[in-house]
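Step one of this worksheet: look at the structure below.
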Amino acid sequence: MFYDVFLHATRKRLSRLFVSGAAVVSLTAGAATCLATTQSAQADDYPDHAIEFIVPWSPGGGSDALMRIISNAAQQYLGQPMPVINMPGVSGTIGLKELAKKSPDGYTLGQIHEGLMASHATGLTSLNWDDFQPVASLASSPQYLVVSADSEWTTFEEFAEYARAHPGEIRVGSTLGGIPHVHAAMIEDAIDAKFRYVGFEGTGARIRSLVGGHIDASIGDISSSLEFVKNGDLRFLAVGSKERLEQTPDVPTFKELGYDNLNLSINRGIVAPRGIDPARVETLARGFEAMSKDPGFIERVNKAGAEVEFMGPQAYADYLADVDATVKRLSSRLAR
């Protein structure tokens with residue numbers, strides 16, 4: 001009888017332990033499922049507030065104009081606003097230094113172009129493209145050689161002949177150590193001439209100085225210069241695109257003038273601080289790719305004098321690596 005009572009009690013305790021253990025396992029599994037669901041929801045919710053967009057150039061230039069078009073379209077495709085924050089200085093490197101310090105949480109992005117590689121190659125900054133995570137490239141802007149409408153040069157060949165005959169006399173406005181400096185040096189080398197460079201922060205400042213008669217020539221683009229050309233203040237001598245552009249059908253390309261290697265263009269892209277979650281990079285890239293196919297967005301970019309050319313994270317990284325190698329080969333011409 002004692003044995004039967006003992007066995008019955010033991011069985012009850014084992015039964016309670018089994019039920020309790022099962023409950024613990026069930027609660028643990030439920031907690032894990034809940035955590036995974038919460039993490040997934042958090043990932044899916046990105047972005048859940050505004051994304052700061054650092055443009056390291058002054059208002060009024062080509063980069064600022066195009067990045068504001070992107071900024072204005074961002075909320076439709078990212079679900080959150082992306083306000084522009086201008087941080088100009090030292091050939092676009094001040095704002096990028098600030099970007100590099102930011103948390104890689106996806107809530108601060110920045111704009112770069114080929115000028116960063118030029119600034120790095122000439123020792124202006126230790127930062128280079130691979131100090132950031134490429135996200136997407138959206139806009140490509142062909143560059144023009146621009147002179148005052150009051151100048152004696154009505155064609156590029158007249159400009160080239162004068163430059164060769166008067167070494168160091170033509171004052172060319174440039175962002176020293178930046179891609180406009182590289183582009184001007186490419187022209188200088190192609191025509192076997194020597195310019196006198198005057199430094200400015202950003203395209204807008206250079207073009208205003210040209211209009212004011214403080215310099216003789218500059219590298220410019222549609223967004224910064226076309227209205228001055230239409231008003232009779234400035235003149236385009238040649239453009240660095242593959243073909244003549246619809247906005248300036250009377251302006252010849254350097255290529256058709258016999259300078260096949262003068263392909264002058266600026267591709268403006270978006271980067272994030274290094275270390276950002278790859279899933280967030282893909283979220284951003286998908287939004288920007290959808291934006292790049294929007295006819296209204298394309299029209300606005302075209303009116304600003306640029307073409308929409310989308311590159312995703314890997315394609316953009318490959319492009320930047322190629323440009324970096326090219327700029328390093330050219331940068332020795334700037335050291336004088």
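Residue numbering restarts at 1 for every chain of the structure tokens, chains are lettered A, B, ... in their displayed order, and ligands are numbered from 1 as they appear.
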Can you pull out every residue within 6 Å of stretch 167-175 of chain A, counting only C-alpha atoms, but drop anything in the same chain fewer than 6 positions away, and send it as a list in words? Ser91, His181, Lys194, Phe195, Arg196, Tyr197, Val198, Gly199, Phe200, Glu201, Arg206, Ile215, Asp216, Ala217 and Ser218 of chain A
Residues near A:Ser126, anyone? I mean within 10 Å using only C-alpha atoms, not counting same-chain ones fewer than 3 positions away, as a PyMOL selection string. chain A and resi 93+97+116-117+119-123+131
Could you please take those selected residues and save N, CA and C atoms as a PDB file, in the first residue's frame?
```pdb
ATOM      1  N   THR A  93      35.038  69.435 -48.936  1.00  0.00           N
ATOM      2  CA  THR A  93      35.485  68.425 -47.971  1.00  0.00           C
ATOM      3  C   THR A  93      35.012  68.690 -46.541  1.00  0.00           C
ATOM      4  N   LYS A  97      33.668  65.710 -44.124  1.00  0.00           N
ATOM      5  CA  LYS A  97      34.277  65.390 -42.829  1.00  0.00           C
ATOM      6  C   LYS A  97      33.193  65.239 -41.768  1.00  0.00           C
ATOM      7  N   LEU A 116      35.833  64.710 -55.088  1.00  0.00           N
ATOM      8  CA  LEU A 116      36.406  64.150 -53.862  1.00  0.00           C
ATOM      9  C   LEU A 116      37.682  63.386 -54.174  1.00  0.00           C
ATOM     10  N   MET A 117      37.663  62.611 -55.258  1.00  0.00           N
ATOM     11  CA  MET A 117      38.858  61.863 -55.621  1.00  0.00           C
ATOM     12  C   MET A 117      40.002  62.797 -56.021  1.00  0.00           C
ATOM     13  N   SER A 119      40.425  65.888 -54.853  1.00  0.00           N
ATOM     14  CA  SER A 119      40.909  66.502 -53.619  1.00  0.00           C
ATOM     15  C   SER A 119      41.799  65.541 -52.842  1.00  0.00           C
ATOM     16  N   HIS A 120      41.449  64.264 -52.860  1.00  0.00           N
ATOM     17  CA  HIS A 120      42.262  63.267 -52.168  1.00  0.00           C
ATOM     18  C   HIS A 120      43.610  63.081 -52.874  1.00  0.00           C
ATOM     19  N   ALA A 121      43.565  62.990 -54.199  1.00  0.00           N
ATOM     20  CA  ALA A 121      44.793  62.735 -54.956  1.00  0.00           C
ATOM     21  C   ALA A 121      45.777  63.886 -54.856  1.00  0.00           C
ATOM     22  N   THR A 122      45.273  65.111 -54.673  1.00  0.00           N
ATOM     23  CA  THR A 122      46.161  66.277 -54.582  1.00  0.00           C
ATOM     24  C   THR A 122      46.512  66.629 -53.139  1.00  0.00           C
ATOM     25  N   GLY A 123      46.103  65.793 -52.183  1.00  0.00           N
ATOM     26  CA  GLY A 123      46.470  65.991 -50.796  1.00  0.00           C
ATOM     27  C   GLY A 123      45.624  66.992 -50.044  1.00  0.00           C
ATOM     28  N   ASP A 131      35.915  55.832 -47.979  1.00  0.00           N
ATOM     29  CA  ASP A 131      35.643  56.122 -46.574  1.00  0.00           C
ATOM     30  C   ASP A 131      34.138  56.203 -46.312  1.00  0.00           C
TER      31      ASP A 131
END
```
Contact residues around A:Leu226 with only C-alpha atoms at 9 Å, ignoring same-chain residues under 4 positions, as a ChimeraX atom specification: /A:221-222,230-231,234-236,247-248,305
Selected residues, all heavy atoms, written as a PDB file, in the first residue's frame, please.
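Final output, saved to out-v7.pdb:
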```pdb
ATOM      1  N   ASP A 221      28.180  74.630 -65.861  1.00  0.00           N
ATOM      2  CA  ASP A 221      27.172  73.693 -66.364  1.00  0.00           C
ATOM      3  C   ASP A 221      25.877  74.439 -66.638  1.00  0.00           C
ATOM      4  O   ASP A 221      25.781  75.653 -66.441  1.00  0.00           O
ATOM      5  CB  ASP A 221      26.956  72.529 -65.389  1.00  0.00           C
ATOM      6  CG  ASP A 221      26.624  72.988 -63.977  1.00  0.00           C
ATOM      7  OD1 ASP A 221      26.176  74.137 -63.799  1.00  0.00           O
ATOM      8  OD2 ASP A 221      26.816  72.189 -63.037  1.00  0.00           O
ATOM      9  N   ILE A 222      24.873  73.707 -67.104  1.00  0.00           N
ATOM     10  CA  ILE A 222      23.598  74.315 -67.474  1.00  0.00           C
ATOM     11  C   ILE A 222      22.969  75.045 -66.299  1.00  0.00           C
ATOM     12  O   ILE A 222      22.531  76.193 -66.406  1.00  0.00           O
ATOM     13  CB  ILE A 222      22.626  73.239 -68.007  1.00  0.00           C
ATOM     14  CG1 ILE A 222      23.049  72.772 -69.404  1.00  0.00           C
ATOM     15  CG2 ILE A 222      21.199  73.775 -68.050  1.00  0.00           C
ATOM     16  CD1 ILE A 222      22.791  73.762 -70.508  1.00  0.00           C
ATOM     17  N   LYS A 230      21.761  83.079 -71.799  1.00  0.00           N
ATOM     18  CA  LYS A 230      20.538  83.596 -72.433  1.00  0.00           C
ATOM     19  C   LYS A 230      20.426  85.109 -72.276  1.00  0.00           C
ATOM     20  O   LYS A 230      19.915  85.799 -73.173  1.00  0.00           O
ATOM     21  CB  LYS A 230      19.314  82.919 -71.823  1.00  0.00           C
ATOM     22  CG  LYS A 230      19.136  81.450 -72.205  1.00  0.00           C
ATOM     23  CD  LYS A 230      17.894  80.871 -71.565  1.00  0.00           C
ATOM     24  CE  LYS A 230      17.656  79.436 -71.995  1.00  0.00           C
ATOM     25  NZ  LYS A 230      16.449  78.852 -71.357  1.00  0.00           N
ATOM     26  N   ASN A 231      20.894  85.615 -71.137  1.00  0.00           N
ATOM     27  CA  ASN A 231      20.827  87.061 -70.879  1.00  0.00           C
ATOM     28  C   ASN A 231      21.916  87.849 -71.598  1.00  0.00           C
ATOM     29  O   ASN A 231      21.929  89.083 -71.549  1.00  0.00           O
ATOM     30  CB  ASN A 231      20.935  87.329 -69.378  1.00  0.00           C
ATOM     31  CG  ASN A 231      19.712  86.851 -68.617  1.00  0.00           C
ATOM     32  OD1 ASN A 231      18.635  86.678 -69.194  1.00  0.00           O
ATOM     33  ND2 ASN A 231      19.874  86.638 -67.313  1.00  0.00           N
ATOM     34  N   LEU A 234      27.244  85.703 -70.622  1.00  0.00           N
ATOM     35  CA  LEU A 234      28.273  84.679 -70.809  1.00  0.00           C
ATOM     36  C   LEU A 234      28.115  83.981 -72.154  1.00  0.00           C
ATOM     37  O   LEU A 234      27.085  84.101 -72.830  1.00  0.00           O
ATOM     38  CB  LEU A 234      28.195  83.642 -69.673  1.00  0.00           C
ATOM     39  CG  LEU A 234      28.377  84.151 -68.244  1.00  0.00           C
ATOM     40  CD1 LEU A 234      28.252  82.994 -67.259  1.00  0.00           C
ATOM     41  CD2 LEU A 234      29.723  84.853 -68.076  1.00  0.00           C
ATOM     42  N   ARG A 235      29.159  83.199 -72.495  1.00  0.00           N
ATOM     43  CA  ARG A 235      29.147  82.452 -73.757  1.00  0.00           C
ATOM     44  C   ARG A 235      29.719  81.062 -73.511  1.00  0.00           C
ATOM     45  O   ARG A 235      30.753  80.910 -72.867  1.00  0.00           O
ATOM     46  CB  ARG A 235      29.991  83.189 -74.803  1.00  0.00           C
ATOM     47  CG  ARG A 235      30.067  82.504 -76.159  1.00  0.00           C
ATOM     48  CD  ARG A 235      30.980  83.259 -77.111  1.00  0.00           C
ATOM     49  NE  ARG A 235      30.475  84.596 -77.387  1.00  0.00           N
ATOM     50  CZ  ARG A 235      31.183  85.719 -77.278  1.00  0.00           C
ATOM     51  NH1 ARG A 235      32.463  85.643 -76.866  1.00  0.00           N
ATOM     52  NH2 ARG A 235      30.665  86.891 -77.541  1.00  0.00           N
ATOM     53  N   PHE A 236      29.029  80.042 -74.020  1.00  0.00           N
ATOM     54  CA  PHE A 236      29.554  78.680 -74.005  1.00  0.00           C
ATOM     55  C   PHE A 236      30.435  78.492 -75.236  1.00  0.00           C
ATOM     56  O   PHE A 236      29.994  78.751 -76.369  1.00  0.00           O
ATOM     57  CB  PHE A 236      28.422  77.655 -74.063  1.00  0.00           C
ATOM     58  CG  PHE A 236      27.599  77.530 -72.806  1.00  0.00           C
ATOM     59  CD1 PHE A 236      26.222  77.370 -72.880  1.00  0.00           C
ATOM     60  CD2 PHE A 236      28.206  77.544 -71.565  1.00  0.00           C
ATOM     61  CE1 PHE A 236      25.462  77.229 -71.738  1.00  0.00           C
ATOM     62  CE2 PHE A 236      27.450  77.408 -70.407  1.00  0.00           C
ATOM     63  CZ  PHE A 236      26.061  77.256 -70.492  1.00  0.00           C
ATOM     64  N   GLN A 247      19.528  71.390 -74.869  1.00  0.00           N
ATOM     65  CA  GLN A 247      19.400  72.749 -74.334  1.00  0.00           C
ATOM     66  C   GLN A 247      20.335  73.743 -75.014  1.00  0.00           C
ATOM     67  O   GLN A 247      20.089  74.944 -75.016  1.00  0.00           O
ATOM     68  CB  GLN A 247      19.676  72.759 -72.823  1.00  0.00           C
ATOM     69  CG  GLN A 247      18.704  71.929 -72.005  1.00  0.00           C
ATOM     70  CD  GLN A 247      19.265  70.533 -71.747  1.00  0.00           C
ATOM     71  OE1 GLN A 247      19.972  69.971 -72.596  1.00  0.00           O
ATOM     72  NE2 GLN A 247      18.974  69.987 -70.581  1.00  0.00           N
ATOM     73  N   THR A 248      21.444  73.244 -75.586  1.00  0.00           N
ATOM     74  CA  THR A 248      22.436  74.123 -76.230  1.00  0.00           C
ATOM     75  C   THR A 248      22.855  73.526 -77.575  1.00  0.00           C
ATOM     76  O   THR A 248      24.010  73.130 -77.764  1.00  0.00           O
ATOM     77  CB  THR A 248      23.671  74.293 -75.322  1.00  0.00           C
ATOM     78  OG1 THR A 248      24.195  72.984 -75.000  1.00  0.00           O
ATOM     79  CG2 THR A 248      23.308  75.014 -74.036  1.00  0.00           C
ATOM     80  N   GLY A 305      19.803  70.755 -66.608  1.00  0.00           N
ATOM     81  CA  GLY A 305      21.009  70.581 -67.411  1.00  0.00           C
ATOM     82  C   GLY A 305      21.753  69.295 -67.180  1.00  0.00           C
ATOM     83  O   GLY A 305      22.941  69.197 -67.488  1.00  0.00           O
TER      84      GLY A 305
END
```
Name the residues of stretch 115-295 of chain A that come out as alpha helix (DSSP H) in a backbone DSSP run; write them as a count of residues only. 64
Pick from A:Pro59, A:Gly212, A:Pro142, A:Pro180 nearest to A:Lys242, counting only C-alpha atoms: A:Pro142
Taking the backbone alone, and naming residues the way the document does, which bits of stretch 90-147 of chain A are strand (DSSP E) by DSSP, as a list in words? Thr108, Leu109, Gly110, Gln111, Ile112, Phe132, Gln133, Pro134, Val135, Ala136, Ser137, Leu138, Ala139, Ser140, Ser141, Pro142, Tyr144, Leu145, Val146 and Val147 of chain A
Hey, could you make a per-residue contact list for stretch 281-327 of chain A against stretch 256-276 of chain A with 10 Å as the cut-off, showing the nearest pair of atoms and its distance in Å to one decimal, counting only C-alpha atoms, sorted by chain and number, as a Markdown table?
```
| residue | atom | partner | partner_atom | distance |
| --- | --- | --- | --- | --- |
| A:Val281 | CA | A:Ile276 | CA | 7.1 |
| A:Leu284 | CA | A:Ile270 | CA | 9.8 |
| A:Ala285 | CA | A:Ile270 | CA | 9.6 |
| A:Phe288 | CA | A:Ile270 | CA | 9.6 |
| A:Ala306 | CA | A:Asn267 | CA | 9.2 |
| A:Glu307 | CA | A:Asn267 | CA | 9.4 |
| A:Val308 | CA | A:Asn267 | CA | 9.6 |
| A:Glu309 | CA | A:Asn267 | CA | 8.4 |
| A:Phe310 | CA | A:Gly269 | CA | 9.1 |
| A:Met311 | CA | A:Gly269 | CA | 8.6 |
| A:Gly312 | CA | A:Gly269 | CA | 9.9 |
| A:Pro313 | CA | A:Val271 | CA | 9.0 |
| A:Tyr316 | CA | A:Gly269 | CA | 8.1 |
| A:Ala317 | CA | A:Val271 | CA | 10.0 |
| A:Tyr319 | CA | A:Asn267 | CA | 9.9 |
| A:Leu320 | CA | A:Asn267 | CA | 9.7 |
```
With N, CA and C atoms retained, write the just-selected residues as a PDB file, in the first residue's frame.
```
ATOM      1  N   VAL A 281      20.957  50.162 -46.865  1.00  0.00           N
ATOM      2  CA  VAL A 281      21.498  50.631 -48.139  1.00  0.00           C
ATOM      3  C   VAL A 281      20.589  50.175 -49.279  1.00  0.00           C
ATOM      4  N   LEU A 284      17.343  52.193 -49.395  1.00  0.00           N
ATOM      5  CA  LEU A 284      17.574  53.494 -50.019  1.00  0.00           C
ATOM      6  C   LEU A 284      17.758  53.358 -51.527  1.00  0.00           C
ATOM      7  N   ALA A 285      18.553  52.377 -51.937  1.00  0.00           N
ATOM      8  CA  ALA A 285      18.833  52.198 -53.363  1.00  0.00           C
ATOM      9  C   ALA A 285      17.563  51.884 -54.147  1.00  0.00           C
ATOM     10  N   PHE A 288      15.688  55.146 -54.592  1.00  0.00           N
ATOM     11  CA  PHE A 288      16.308  56.028 -55.577  1.00  0.00           C
ATOM     12  C   PHE A 288      16.173  55.473 -57.000  1.00  0.00           C
ATOM     13  N   ALA A 306      21.084  68.288 -66.633  1.00  0.00           N
ATOM     14  CA  ALA A 306      21.743  67.013 -66.364  1.00  0.00           C
ATOM     15  C   ALA A 306      20.923  65.870 -66.934  1.00  0.00           C
ATOM     16  N   GLU A 307      21.530  64.705 -66.955  1.00  0.00           N
ATOM     17  CA  GLU A 307      20.860  63.489 -67.394  1.00  0.00           C
ATOM     18  C   GLU A 307      20.711  62.556 -66.192  1.00  0.00           C
ATOM     19  N   VAL A 308      19.611  61.795 -66.177  1.00  0.00           N
ATOM     20  CA  VAL A 308      19.427  60.806 -65.119  1.00  0.00           C
ATOM     21  C   VAL A 308      20.152  59.528 -65.515  1.00  0.00           C
ATOM     22  N   GLU A 309      21.142  59.147 -64.728  1.00  0.00           N
ATOM     23  CA  GLU A 309      21.886  57.907 -64.951  1.00  0.00           C
ATOM     24  C   GLU A 309      21.997  57.201 -63.605  1.00  0.00           C
ATOM     25  N   PHE A 310      21.161  56.189 -63.380  1.00  0.00           N
ATOM     26  CA  PHE A 310      21.150  55.504 -62.096  1.00  0.00           C
ATOM     27  C   PHE A 310      22.225  54.429 -62.028  1.00  0.00           C
ATOM     28  N   MET A 311      22.952  54.421 -60.915  1.00  0.00           N
ATOM     29  CA  MET A 311      23.853  53.328 -60.576  1.00  0.00           C
ATOM     30  C   MET A 311      23.547  52.913 -59.148  1.00  0.00           C
ATOM     31  N   GLY A 312      23.375  51.616 -58.912  1.00  0.00           N
ATOM     32  CA  GLY A 312      23.146  51.100 -57.567  1.00  0.00           C
ATOM     33  C   GLY A 312      24.440  51.023 -56.778  1.00  0.00           C
ATOM     34  N   PRO A 313      24.370  50.504 -55.543  1.00  0.00           N
ATOM     35  CA  PRO A 313      25.543  50.517 -54.655  1.00  0.00           C
ATOM     36  C   PRO A 313      26.806  49.895 -55.254  1.00  0.00           C
ATOM     37  N   TYR A 316      27.950  51.763 -58.539  1.00  0.00           N
ATOM     38  CA  TYR A 316      28.501  53.071 -58.211  1.00  0.00           C
ATOM     39  C   TYR A 316      29.885  52.938 -57.574  1.00  0.00           C
ATOM     40  N   ALA A 317      30.060  51.942 -56.722  1.00  0.00           N
ATOM     41  CA  ALA A 317      31.375  51.700 -56.111  1.00  0.00           C
ATOM     42  C   ALA A 317      32.412  51.372 -57.185  1.00  0.00           C
ATOM     43  N   TYR A 319      32.334  52.289 -60.323  1.00  0.00           N
ATOM     44  CA  TYR A 319      32.578  53.517 -61.087  1.00  0.00           C
ATOM     45  C   TYR A 319      33.551  54.438 -60.331  1.00  0.00           C
ATOM     46  N   LEU A 320      33.314  54.606 -59.035  1.00  0.00           N
ATOM     47  CA  LEU A 320      34.168  55.482 -58.238  1.00  0.00           C
ATOM     48  C   LEU A 320      35.603  54.968 -58.184  1.00  0.00           C
TER      49      LEU A 320
END
```
In Å, with one decimal, what is the gap from atom CA of A:Ser292 to atom CA of A:Met82? 16.1 Å
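The space separating atom CA of A:Glu227 from atom CA of A:Glu157 comes to 24.0 Å.
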